[in-house]
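Source file: work-v5.cif; contents: mmCIF, C-alpha atoms and all ligand atoms.
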data_model
loop_
_atom_site.label_atom_id
_atom_site.label_comp_id
_atom_site.auth_asym_id
_atom_site.auth_seq_id
_atom_site.Cartn_x
_atom_site.Cartn_y
_atom_site.Cartn_z
CA MET K 286 0.00 0.00 0.00
CA GLY K 287 1.48 3.39 -1.02
CA PHE K 288 1.28 6.48 1.11
CA GLU K 289 -1.45 8.09 -0.94
CA ASP K 290 -3.47 4.89 -0.85
CA ALA K 291 -3.13 4.58 2.85
CA LEU K 292 -4.17 8.15 3.40
CA SER K 293 -6.93 8.44 0.84
CA SER K 294 -8.60 5.18 1.80
CA GLY K 295 -10.28 7.04 4.66
CA ARG K 296 -9.67 4.00 6.83
CA GLN K 297 -6.77 5.41 8.78
CA GLY K 298 -6.26 8.81 7.23
CA SER K 299 -6.78 10.80 10.40
CA ARG K 300 -4.58 8.60 12.56
CA TYR K 301 -1.49 8.35 10.38
CA HIS K 302 1.00 10.97 9.45
CA ASP K 303 2.41 10.43 6.02
CA ILE K 304 6.16 10.51 6.30
CA PHE K 305 6.69 12.06 2.90
CA HIS K 306 3.62 13.84 1.62
CA LEU K 307 1.35 15.34 4.23
CA SER K 308 1.75 17.88 6.92
CA ASN K 309 0.81 17.26 10.52
CA PRO K 310 1.15 19.38 13.64
CA ILE K 311 4.51 19.14 15.34
CA ILE K 312 4.19 16.90 18.35
CA SER K 313 6.58 17.68 21.14
CA THR K 314 7.07 14.07 22.26
CA MET K 315 9.75 11.91 20.73
CA PRO K 316 10.21 10.50 18.13
CA PRO K 317 10.21 13.41 15.71
CA SER K 318 6.91 14.09 13.99
CA ALA K 319 6.40 12.60 10.56
CA ASP K 320 6.61 15.99 8.87
CA ILE K 321 10.08 16.57 10.29
CA VAL K 322 11.26 13.22 8.97
CA ARG K 323 9.65 13.89 5.61
CA ASP K 324 10.72 17.53 5.20
CA LEU K 325 14.32 17.27 6.35
CA HIS K 326 16.64 18.69 3.70
CA LYS K 327 19.08 16.25 2.13
CA TYR K 328 22.00 18.22 3.60
CA GLU K 329 20.40 17.86 7.02
CA TYR K 330 20.33 14.10 6.53
CA THR K 331 23.95 14.21 5.35
CA ILE K 332 24.86 16.00 8.58
CA LEU K 333 22.86 13.66 10.81
CA TYR K 334 24.51 10.61 9.22
CA ALA K 335 27.91 12.26 9.57
CA ILE K 336 27.35 13.08 13.24
CA GLU K 337 26.22 9.51 13.83
CA ARG K 338 29.41 8.20 12.24
CA LEU K 339 31.68 10.63 14.05
CA MET K 340 30.06 9.95 17.42
CA LYS K 341 31.93 6.64 17.36
CA ARG K 342 35.02 8.79 17.79
CA TYR K 343 33.77 11.84 19.69
CA ARG K 344 31.16 12.51 22.33
CA TRP K 345 30.80 15.96 20.73
CA VAL K 346 31.62 16.21 17.05
CA PRO K 347 33.74 19.28 16.19
CA PHE K 348 32.55 21.63 13.43
CA ASP K 349 35.74 21.16 11.39
CA ASP K 350 35.35 17.38 11.26
CA LEU K 351 31.77 17.79 10.11
CA LYS K 352 32.83 20.23 7.46
CA ARG K 353 35.48 17.85 6.18
CA ILE K 354 33.18 14.82 6.10
CA THR K 355 30.07 16.51 4.66
CA ARG K 356 32.02 18.76 2.24
CA LEU K 357 29.48 21.50 2.83
CA SER K 358 30.54 25.13 2.84
CA LYS K 359 30.99 26.82 6.20
CA ASN K 360 27.86 28.92 5.71
CA GLU K 361 25.72 26.05 4.55
CA LEU K 362 26.88 23.85 7.41
CA GLU K 363 26.24 26.56 10.01
CA TYR K 364 22.79 27.19 8.62
CA ARG K 365 21.88 23.50 8.49
CA LEU K 366 23.21 22.84 11.99
CA GLY K 367 21.01 25.73 13.20
CA GLU K 368 18.00 24.11 11.51
CA LEU K 369 18.72 20.73 13.07
CA MET K 370 19.01 22.33 16.51
CA GLU K 371 15.78 24.23 15.95
CA LYS K 372 14.08 20.88 15.23
CA ASP K 373 15.60 19.38 18.41
CA LEU K 374 17.41 16.64 16.49
CA ILE K 375 20.92 17.53 17.67
CA SER K 376 22.42 19.42 20.55
CA TYR K 377 25.36 21.77 20.85
CA ASN K 378 27.85 21.65 23.64
CA ALA K 379 30.42 24.38 24.37
CA VAL K 380 32.57 22.70 27.03
CA PRO K 381 35.18 21.10 27.04
CA TYR K 382 35.25 22.06 23.34
CA PRO K 383 32.50 23.17 20.96
CA GLY K 384 30.77 20.26 19.28
CA TYR K 385 27.51 18.73 18.14
CA GLY K 386 25.80 15.50 19.16
CA LEU K 387 22.70 13.53 18.27
CA VAL K 388 19.81 13.37 20.71
CA PHE K 389 17.23 10.56 20.72
CA ALA K 390 14.95 12.39 18.26
CA GLY K 391 17.80 12.71 15.75
CA TYR K 392 18.68 9.07 16.12
CA ASP K 393 15.00 8.09 15.73
CA CYS K 394 14.90 10.26 12.62
CA LEU K 395 17.71 8.23 11.05
CA ALA K 396 15.94 5.00 11.99
CA LEU K 397 12.66 6.22 10.46
CA HIS K 398 14.48 7.40 7.34
CA THR K 399 16.11 3.98 6.94
CA LEU K 400 12.88 2.05 7.57
CA ALA K 401 10.95 4.27 5.15
CA GLY K 402 13.76 3.90 2.56
CA ARG K 403 13.40 0.12 2.79
CA LYS K 404 9.60 0.49 2.44
CA THR K 405 9.07 -1.16 5.82
CA ILE K 406 6.94 1.82 6.83
CA SER K 407 5.11 4.51 4.93
CA ALA K 408 3.47 6.44 7.75
CA LEU K 409 3.71 6.94 11.47
CA GLY K 410 0.61 6.58 13.62
CA SER K 411 -0.18 7.40 17.21
CA LEU K 412 1.58 6.56 20.44
CA ILE K 413 0.19 3.33 21.88
CA GLY K 414 2.50 2.66 24.80
CA VAL K 415 5.20 4.30 26.88
CA GLY K 416 7.38 2.10 29.01
CA LYS K 417 10.30 2.77 31.28
CA GLU K 418 12.69 2.30 28.39
CA SER K 419 10.71 2.64 25.20
CA GLU K 420 8.02 4.41 23.25
CA VAL K 421 5.69 2.33 21.10
CA TYR K 422 3.85 3.67 18.05
CA GLU K 423 1.48 2.36 15.45
CA ALA K 424 2.77 2.67 11.91
CA LEU K 425 1.71 1.67 8.43
CA GLY K 426 3.69 -0.96 6.63
CA LEU K 427 1.98 -3.81 4.86
CA GLY K 428 -1.01 -3.02 7.04
CA VAL K 429 -0.84 -1.77 10.61
CA ILE K 430 2.43 -2.57 12.35
CA VAL K 431 4.18 -1.40 15.51
CA LEU K 432 7.40 0.57 15.96
CA LYS K 433 9.16 0.28 19.29
CA PHE K 434 11.81 2.96 19.91
CA HIS K 435 14.21 1.77 22.59
CA ARG K 436 15.39 4.48 24.94
CA VAL K 437 17.86 2.99 27.35
CA GLY K 438 19.58 5.69 29.34
CA GLN K 439 16.90 8.31 28.97
CA HIS K 440 15.75 8.32 32.59
CA SER K 441 17.96 6.19 34.74
CA PHE K 442 21.25 5.57 33.14
CA GLN K 443 22.95 4.71 36.38
CA SER K 444 20.57 1.94 37.39
CA VAL K 445 20.58 0.56 33.87
CA ARG K 446 24.33 0.49 34.02
CA LEU K 447 24.15 -1.58 37.18
CA LYS K 448 21.39 -3.85 35.96
CA ARG K 449 22.65 -4.72 32.52
CA ASP K 450 25.95 -5.72 31.14
CA TYR K 451 25.88 -3.67 27.97
CA MET K 452 28.01 -0.93 29.36
CA THR K 453 31.37 -2.56 28.97
CA ASP K 454 31.76 -0.84 25.60
CA ASN K 455 33.79 2.35 25.61
CA SER K 456 31.24 4.08 23.48
CA HIS K 457 31.39 7.86 23.45
CA CYS K 458 27.67 7.87 23.51
CA PRO K 459 26.49 5.08 25.79
CA TRP K 460 22.78 5.74 25.29
CA ILE K 461 23.08 5.13 21.53
CA PHE K 462 24.99 1.96 22.14
CA ALA K 463 22.69 0.74 24.92
CA SER K 464 19.46 1.56 23.08
CA THR K 465 20.64 -0.10 19.89
CA LEU K 466 21.81 -3.16 21.76
CA SER K 467 18.49 -3.34 23.59
CA ALA K 468 16.63 -3.23 20.24
CA GLU K 469 18.99 -5.85 18.77
CA GLN K 470 18.46 -8.14 21.73
CA GLU K 471 14.70 -7.88 21.58
CA TYR K 472 14.76 -8.46 17.83
CA GLU K 473 16.96 -11.52 18.21
CA ALA K 474 14.59 -13.08 20.75
CA LEU K 475 11.63 -12.45 18.45
CA LEU K 476 13.47 -13.98 15.48
CA ARG K 477 14.20 -17.08 17.51
CA LEU K 478 10.72 -17.44 18.97
CA THR K 479 8.39 -16.34 16.20
CA GLY K 480 6.25 -19.10 14.75
CA LYS K 481 6.85 -21.24 17.83
CA VAL K 482 5.80 -19.02 20.71
CA ARG K 483 3.10 -16.33 20.56
CA VAL K 484 5.19 -13.18 20.27
CA PRO K 485 5.03 -10.19 17.91
CA VAL K 486 6.45 -11.10 14.50
CA PRO K 487 9.76 -9.29 13.85
CA ILE K 488 9.60 -7.32 10.58
CA ASP K 489 12.66 -5.05 10.47
CA ARG K 490 15.09 -3.15 12.65
CA SER K 491 17.15 -0.01 12.32
CA ARG K 492 19.33 1.32 15.13
CA ASN K 493 17.23 1.59 18.33
CA THR K 494 13.95 0.89 16.54
CA ILE K 495 12.21 -2.39 15.83
CA ALA K 496 9.25 -2.92 13.52
CA ILE K 497 7.01 -5.74 14.75
CA SER K 498 3.52 -7.02 14.08
CA TYR K 499 0.55 -5.41 15.79
CA ILE K 500 -0.99 -7.53 18.53
CA PRO K 501 -4.78 -7.25 18.52
CA GLY K 502 -5.29 -7.42 22.26
CA VAL K 503 -5.08 -5.57 25.56
CA ASN K 504 -2.55 -5.80 28.37
CA LEU K 505 -3.40 -8.54 30.86
CA ASN K 506 -3.19 -6.06 33.75
CA GLN K 507 -5.82 -3.86 32.11
CA CYS K 508 -8.64 -6.35 31.71
CA THR K 509 -10.77 -8.63 33.85
CA LEU K 510 -11.03 -12.12 32.45
CA ALA K 511 -14.33 -13.94 32.72
CA ASP K 512 -12.48 -17.25 32.64
CA PRO K 513 -8.83 -16.84 33.74
CA ARG K 514 -7.86 -20.54 33.86
CA PRO K 515 -7.41 -21.12 30.08
CA VAL K 516 -5.38 -17.91 29.80
CA TYR K 517 -3.13 -18.94 32.67
CA GLU K 518 -2.69 -22.39 31.11
CA GLU K 519 -1.87 -20.96 27.71
CA LEU K 520 0.73 -18.68 29.29
CA ILE K 521 2.39 -21.56 31.11
CA SER K 522 2.43 -23.48 27.85
CA GLU K 523 4.06 -20.51 26.04
CA MET K 524 6.64 -20.20 28.84
CA GLN K 525 7.32 -23.92 28.58
CA LYS K 526 7.91 -23.66 24.82
CA THR K 527 10.15 -20.63 25.37
CA TYR K 528 12.16 -22.50 27.99
CA SER K 529 12.47 -25.56 25.77
CA MET K 530 14.07 -23.28 23.15
CA GLY K 531 16.69 -22.23 25.66
CA ILE K 532 15.22 -18.81 26.47
CA ILE K 533 13.93 -17.10 29.62
CA HIS K 534 12.00 -13.84 29.33
CA ALA K 535 13.39 -12.34 32.57
CA ASP K 536 10.84 -9.50 32.82
CA PHE K 537 7.70 -11.54 32.70
CA SER K 538 4.59 -10.00 34.25
CA GLU K 539 0.96 -9.16 33.57
CA TYR K 540 2.23 -5.90 31.98
CA ASN K 541 4.09 -7.84 29.30
CA VAL K 542 1.25 -10.13 28.30
CA MET K 543 -1.43 -9.13 25.82
CA VAL K 544 -4.71 -11.01 25.50
CA ASN K 545 -7.86 -11.13 23.44
CA GLU K 546 -10.81 -13.55 23.39
CA ASP K 547 -8.79 -16.18 21.56
CA HIS K 548 -5.16 -16.02 22.64
CA CYS K 549 -2.41 -14.44 24.64
CA TRP K 550 0.96 -13.08 23.49
CA ILE K 551 4.18 -12.40 25.35
CA ILE K 552 5.77 -9.03 24.52
CA ASP K 553 8.77 -6.93 25.63
CA TRP K 554 11.86 -9.16 25.25
CA PRO K 555 15.03 -7.00 25.41
CA GLN K 556 16.25 -8.47 28.69
CA TRP K 557 15.83 -12.17 27.80
CA VAL K 558 18.59 -14.56 28.79
CA GLU K 559 19.75 -17.99 27.65
CA CYS K 560 18.92 -20.90 29.94
CA SER K 561 22.68 -21.25 30.44
CA HIS K 562 22.93 -17.75 32.00
CA PRO K 563 24.40 -17.89 35.53
CA ASN K 564 21.20 -16.35 36.98
CA ALA K 565 18.81 -18.33 34.79
CA ASP K 566 17.18 -20.30 37.62
CA GLU K 567 16.59 -17.22 39.72
CA LEU K 568 15.19 -15.24 36.76
CA LEU K 569 12.86 -18.05 35.71
CA ARG K 570 11.61 -18.42 39.27
CA ARG K 571 10.99 -14.68 39.50
CA ASP K 572 9.07 -14.70 36.20
CA ILE K 573 6.90 -17.56 37.43
CA GLU K 574 6.30 -16.07 40.87
CA THR K 575 5.28 -12.74 39.33
CA ILE K 576 2.63 -14.23 37.09
CA VAL K 577 1.39 -16.75 39.67
CA THR K 578 1.07 -13.96 42.25
CA PHE K 579 -0.94 -11.93 39.74
CA PHE K 580 -3.42 -14.76 39.03
CA ASN K 581 -3.68 -15.70 42.71
CA ARG K 582 -4.32 -12.12 43.85
CA LYS K 583 -6.66 -11.03 41.12
CA TYR K 584 -8.50 -14.29 40.43
CA ARG K 585 -7.97 -16.22 43.68
CA MET K 586 -6.72 -19.25 41.77
CA GLY K 587 -4.57 -20.79 44.50
CA ILE K 588 -1.77 -21.82 42.14
CA ASN K 589 1.42 -23.21 43.64
CA PRO K 590 4.49 -21.65 41.94
CA ASP K 591 6.42 -24.91 42.33
CA ASP K 592 3.80 -26.70 40.21
CA ALA K 593 4.13 -23.98 37.56
CA LEU K 594 7.91 -24.34 37.65
CA SER K 595 7.70 -28.11 37.14
CA ALA K 596 5.24 -27.65 34.26
CA ILE K 597 7.70 -25.33 32.55
CA THR K 598 10.98 -27.10 33.20
CA GLY K 599 9.53 -30.62 32.89
N1 LIG V 1 3.28 -5.54 19.13
C1 LIG V 1 2.46 -4.78 19.85
N2 LIG V 1 1.16 -4.65 19.50
C2 LIG V 1 0.33 -3.86 20.22
N3 LIG V 1 0.70 -3.15 21.32
C3 LIG V 1 1.99 -3.25 21.73
C4 LIG V 1 2.93 -4.06 21.02
N4 LIG V 1 4.13 -3.95 21.63
C5 LIG V 1 3.93 -3.12 22.68
N5 LIG V 1 2.65 -2.69 22.75
C6 LIG V 1 2.08 -1.77 23.76
O1 LIG V 1 3.12 -0.90 24.21
C7 LIG V 1 3.36 -1.10 25.62
C8 LIG V 1 4.86 -0.98 25.91
O2 LIG V 1 5.54 -1.99 25.21
P1 LIG V 1 6.67 -2.88 25.88
O3 LIG V 1 6.13 -3.55 27.10
O4 LIG V 1 7.25 -3.74 24.83
O5 LIG V 1 7.69 -1.73 26.27
P2 LIG V 1 8.46 -1.35 27.62
O6 LIG V 1 9.09 -0.04 27.41
O7 LIG V 1 9.41 -2.39 27.96
O8 LIG V 1 7.47 -1.25 28.74
P3 LIG V 1 7.86 -1.43 30.28
O9 LIG V 1 9.30 -1.02 30.45
O10 LIG V 1 6.89 -0.54 31.00
O11 LIG V 1 7.64 -2.91 30.53
C9 LIG V 1 2.79 -2.48 25.91
O12 LIG V 1 2.41 -2.61 27.26
C10 LIG V 1 1.61 -2.57 24.96
O13 LIG V 1 0.47 -1.93 25.51
MG MG V 2 6.63 -3.73 29.03
#
Turn the structure described in the file into structure tokens.
Ligand SMILES: Nc1ncnc2c1ncn2[C@@H]1O[C@H](COP(=O)(O)OP(=O)(O)OP(=O)(O)O)[C@@H](O)[C@H]1O
Ligand SMILES: [Mg+2]
Amino acid sequence: MGFEDALSSGRQGSRYHDIFHLSNPIISTMPPSADIVRDLHKYEYTILYAIERLMKRYRWVPFDDLKRITRLSKNELEYRLGELMEKDLISYNAVPYPGYGLVFAGYDCLALHTLAGRKTISALGSLIGVGKESEVYEALGLGVIVLKFHRVGQHSFQSVRLKRDYMTDNSHCPWIFASTLSAEQEYEALLRLTGKVRVPVPIDRSRNTIAISYIPGVNLNQCTLADPRPVYEELISEMQKTYSMGIIHADFSEYNVMVNEDHCWIIDWPQWVECSHPNADELLRRDIETIVTFFNRKYRMGINPDDALSAITG
């Protein structure tokens, strides 16, 4: 489906912002609004890509390096850098030396540009979920899909650093590295599990952003089930299949399960571990206790977590 088709069909016209052809009001939340992604001048893209490249070497990219790499004139470069700052895609830092760096919106912009270039997406829809370390949007691809922008380091970089082992890299920009790694890890889990366990289907990935299938359900914590037993049993069966494939979710809870009348799905996989991980037993037990506690509290089901553990590990 092309952009025009998607927008003129009337089906989703008001909810989607065409990345290349239509205008929409600038939304202050990240990622950048579709019109910014669509209207960015080619020199502005050249600069964003150059800053991304040079941030492997510098925390703040000096003007002279940018000038050399982009081959833009001094005036043009100054003007375009001003435009990018105006659009909140990069930031300027004066100390310890003057330089420019990407911010999340600029990095998202590159991801959206890449995904649109590959025709994975044609339009960006509305925000459907905000987590501690991500923002989740509807988008149009071959039908409605979901974009999850990973944002590790946005709020609590210190605790993330303690919790996860991504930070061993000497990256000049740890949030780019951590957010991209988080997206890669989630994508890898989905690739391994899709077709075998009920998870969103992985479609594409660029940088910190994954494109996945839309799950037609609601979060388990947000609904009241008329008959909770079959849902609980299906979840244990999905966890058992996951475990038999050598994977533990490691952040399993009612918040990361989506349900509808027919099925349930397990979402939110960036922190998964292999069953061989040194803390695997503890993480699996915590996953099980979390979900059993939820069903016992909300639905008074009287489940014994040890029985659930045996059902999963066999
Ligand atoms: N594939 C999907 N289809 C439909 N909705 C989704 C999908 N993926 C995520 N969502 C919605 O977005 C919310 C946030 O997604 P997710 O749990 O993956 O991110 P998160 O940042 O890790 O959240 P948290 O840190 O709070 O657990 C979900 O609770 C769900 O409501
Ligand atoms: Mg979640």
- request: Do a neighbour search on segment 496-505 of chain K at 9 Å with only C-alpha atoms, toss out local chain neighbours closer than 3 positions, and write the hits as number ranges by chain.
  value: K: 400, 405-406, 423-424, 429-433, 472, 475, 484-491, 508-510, 538-546, 548-550
message: I'd like the interatomic distance between atom N1 of ligand LIG 1 (chain V) and atom CA of Asp592 of chain K, to a tenth of an Å.
response: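 Pair atom N1 of ligand LIG 1 (chain V) / atom CA of Asp592 of chain K returns 29.9 Å.
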message: For Leu362 of chain K, find every residue with an atom within 10 Å (counting only C-alpha atoms), except residues of its own chain fewer than 6 positions away, and show them as a ChimeraX atom specification.
response: /K:328-329,332,348,351-352,355-356,368
The centre and edge lengths of an axis-aligned box containing all atoms of ligand LIG 1 (chain V) present in the file, extended by 5 Å on each side, are to be given in Å to one decimal, as JSON.
{"center_x": 4.9, "center_y": -2.8, "center_z": 25.1, "size_x": 19.1, "size_y": 15.5, "size_z": 21.9}
- request: Quote the spacing between atom CA of Ala468 of chain K and atom CA of His435 of chain K in Å to one decimal place.
  value: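 If I compute the distance from atom CA of Ala468 of chain K to atom CA of His435 of chain K, I get 6.0 Å.
Closest approach to ligand LIG 1 (chain V) among K:Thr399, K:Asn493, K:Gln556, K:Ser376: K:Gln556, based on all atoms listed in the file.
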- prompt: Pick from K:Ser419, K:Thr578, K:Ser561, K:Thr494: nearest to ligand MG 2 (chain V), with all atoms listed in the file counted?
  reply: K:Ser419
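Every protein or nucleic acid residue with an atom no more than 9 Å from Arg436 of chain K, counting all atoms listed in the file and leaving out same-chain residues fewer than 5 positions away, appears here: Phe389, Lys417, Glu418, Ser419, Glu420, Trp460, Ile461, Ala463, Ser464, Thr465, Ser467 and Asn493 of chain K.
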Atoms kept (C-alpha atoms) for selection, written as a tab-separated table (two decimals), keeping the file's coordinate frame:
chain	number	residue	atom	x	y	z
K	389	PHE	CA	17.23	10.56	20.72
K	417	LYS	CA	10.30	2.77	31.28
K	418	GLU	CA	12.69	2.30	28.39
K	419	SER	CA	10.71	2.64	25.20
K	420	GLU	CA	8.02	4.41	23.25
K	460	TRP	CA	22.78	5.74	25.29
K	461	ILE	CA	23.08	5.13	21.53
K	463	ALA	CA	22.69	0.74	24.92
K	464	SER	CA	19.46	1.56	23.08
K	465	THR	CA	20.64	-0.10	19.89
K	467	SER	CA	18.49	-3.34	23.59
K	493	ASN	CA	17.23	1.59	18.33
task: Go through K:Asp553, K:Asp566, K:Glu519, K:Asp320 one by one, measure the shortest atom-to-atom distance of each to ligand MG 2 (chain V) using all atoms listed in the file, and give the residue with the smallest value.
output: K:Asp553
- prompt: What is the atom CA of Gly438 of chain K to atom CA of Cys458 of chain K distance in Å?
  reply: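 About the pair atom CA of Gly438 of chain K and atom CA of Cys458 of chain K: they are 10.2 Å apart.
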- line: Min atom-atom distance to Leu395 of chain K from the set K:Trp345, K:Tyr330, K:Tyr382, K:Phe434, counting all atoms listed in the file, belongs to K:Tyr330
field: Residue among K:Val421, K:Val516, K:Ala511, K:Cys560 lying closest to Ile495 of chain K, counting all atoms listed in the file
entry: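 Using all atoms listed in the file, the shortest distance to Ile495 of chain K belongs to K:Val421.
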message: When you count all atoms listed in the file, which of these residues is closest to ligand MG 2 (chain V): K:Gly426, K:Gly416, K:Pro347, K:Pro515?
response: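 Of K:Gly426, K:Gly416, K:Pro347, K:Pro515, the one nearest ligand MG 2 (chain V) is K:Gly416, counting all atoms listed in the file.
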Selection as a PyMOL selection string: residues within 8 Å of (11.3, 13.4, 7.0), counting all atoms listed in the file: chain K and resi 304-305+319-325+394+398
